[in-house]
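Trainee: Quick one: the structure is below, questions incoming.
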Amino acid sequence: MDLGHNDGVYPSGSWCTMSSSISFFLSQKATPKIALLGAQGQLGRCFIAHGLANLVALSRDEADLTQPQKLAEKLEALAPDLVINCGAYNLVDKAETECGPCADVNTLGVMHLAQICKKIGATLVTYSTDHVFGGPPKWDTPETPIPWRETDCPQPISVYGGSKTAGEYLALASWEKSYVIRTCGLYGIPGPGGKGGNFVEAILRAVAQGKLLRVVADQVCTPTSVISLVGATLELLQHFGPGLYHLTDQGFCTWHEFAQWIVAEAGLAVEVSPLNSADWPAAAKRPNYSVLGSIHSANPLFPKLNPWRESLKDYMKQRLS
Ligand SMILES: NC(=O)c1ccc[n+]([C@@H]2O[C@H](COP(=O)([O-])OP(=O)(O)OC[C@H]3O[C@@H](n4cnc5c(N)ncnc54)[C@H](OP(=O)(O)O)[C@@H]3O)[C@@H](O)[C@H]2O)c1
């Protein structure tokens, strides 16, 4: 549902840092109060770096999704207009044997958060994943799969994917002012917490350690920079009402192609060998095709993120500076 308008304050494509740019939808306040959960992860840190006014950044210790009572007290005291949840249990392989702890954060934690937001009247933004899709894609032509859209039925094939799928439903069902944003292949400057890294950093670390690079070449996704995602989230909030959205950088590649471009952007002459996922020992199954499209993509107000290679180039420059 498109509830907003482009009033010229926040032109599409410019990642403006003025919090007034998101005030149209959230409230009539010039600077809505924002509470950010999961502040030490890569997405959380990027929101902080964006410089939004009136933002309170909360680490896991200060706002734990598995402690609903304390979380409610904290958020009631802060009385934010908007809660942005960047907290998640993201250890995809470990989740296969830690189903309970994973669901406590991604499913029950998100449900409790949505209920608290409802109680205090705060709009909620929470993130989900391409891993909600694990089945075979539909095909446009024999060569071209159709990117998954918001109206497609999730079919997770891992504990992590299942926990996020359930969390999505519970957020949307618990509170009508919930935005659930699915994204894919996130990377950004890693924080001290969370997974403590991402695919880009893992590849560069492996090169530095002189390891042979073998990367799966039969899983297609869209790498997405946290910088793109933060900007697109703020743009979405200005122009669109609550609901389920897909936001990723543009284009797609295999993880093998992504690794080749990381190495090339870093100016390294290192070979990256292709690998079949069947030959890669991982506890959790990954989707073979998890490119996300959107039913809103034809709407000129819907955020249009960068082509993924441009975002990667920018990230490589940023991490070297
Ligand atoms: N990374 C990806 O490739 C990817 C892809 C698609 C979607 N996503 C989604 O995007 C969002 C952001 O991911 P990210 O890459 O920024 O993750 P991240 O770097 O791993 O950060 C996750 C954050 O969640 C916090 N956290 C863990 N358990 C918590 C709890 N019980 N209560 C509150 N916070 C808790 C962590 O706290 P500590 O600092 O204490 O560890 C960490 O700061 C998540 O919803 C994720 O599922 C990520």
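Chain labels run A, B, ... following the order of the structure tokens; each chain numbers its residues from 1, and ligands are numbered from 1 in the order shown.
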Give me, as a VMD selection string, all polymer residues having an atom no more than 12 Å from Leu124 of chain A, counting only C-alpha atoms and skipping those fewer than 2 positions away in the same chain.
Mentor: chain A and resid 26 34 to 37 75 80 to 86 110 to 122 126 to 127 168 171 to 172 174 to 181 233 237 241 to 244
Trainee: For the structure I just gave you, how does DSSP split segment 190-297 of chain A - specifically, which residues are alpha helix (DSSP H)? Reply as number ranges by chain.
Mentor: A: 199-208, 226-239, 255-265
Trainee: As a PyMOL selection string, please: every protein or nucleic acid residue near ligand 1 (cut-off 8 Å, counting only C-alpha atoms and all ligand atoms).
Mentor: chain A and resi 37-45+59-61+63-67+85-91+104-106+109+126-131+164+182-188+190-199+226
Trainee: Point out the residue among A:Ala77, A:Leu268, A:Ile227, A:Val220 with the least atom-to-atom distance to Ile146 of chain A, counting only C-alpha atoms.
Mentor: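 Closest candidate: A:Val220.
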Trainee: If DSSP is run on the backbone, what residues of segment 114-170 of chain A are strand (DSSP E)? A reply as number ranges by chain would be ideal.
Mentor: A: 123-129, 139-141, 144-145
Trainee: For Ser294 of chain A, which of A:Ser321, A:Ser228, A:Gln69, A:Thr151 is the closest residue, counting only C-alpha atoms?
Mentor: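 Selected residue with least distance to Ser294 of chain A: A:Thr151.
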Trainee: Quick one: residues within 9 Å of segment 295-300 of chain A, only C-alpha atoms counted, chain neighbours fewer than 5 positions away excluded, as an mmCIF file with C-alpha atoms, in the first residue's frame?
Mentor:
```cif
data_model
loop_
_atom_site.group_PDB
_atom_site.id
_atom_site.type_symbol
_atom_site.label_atom_id
_atom_site.label_comp_id
_atom_site.auth_asym_id
_atom_site.auth_seq_id
_atom_site.Cartn_x
_atom_site.Cartn_y
_atom_site.Cartn_z
ATOM 1 C CA SER A 12 14.923 8.843 -4.673
ATOM 2 C CA ARG A 149 8.103 -12.003 -4.992
ATOM 3 C CA GLU A 150 6.290 -11.077 -1.793
ATOM 4 C CA THR A 151 3.191 -12.983 -2.932
ATOM 5 C CA TYR A 245 8.717 -6.164 1.208
ATOM 6 C CA HIS A 246 11.707 -7.494 -0.705
#
```
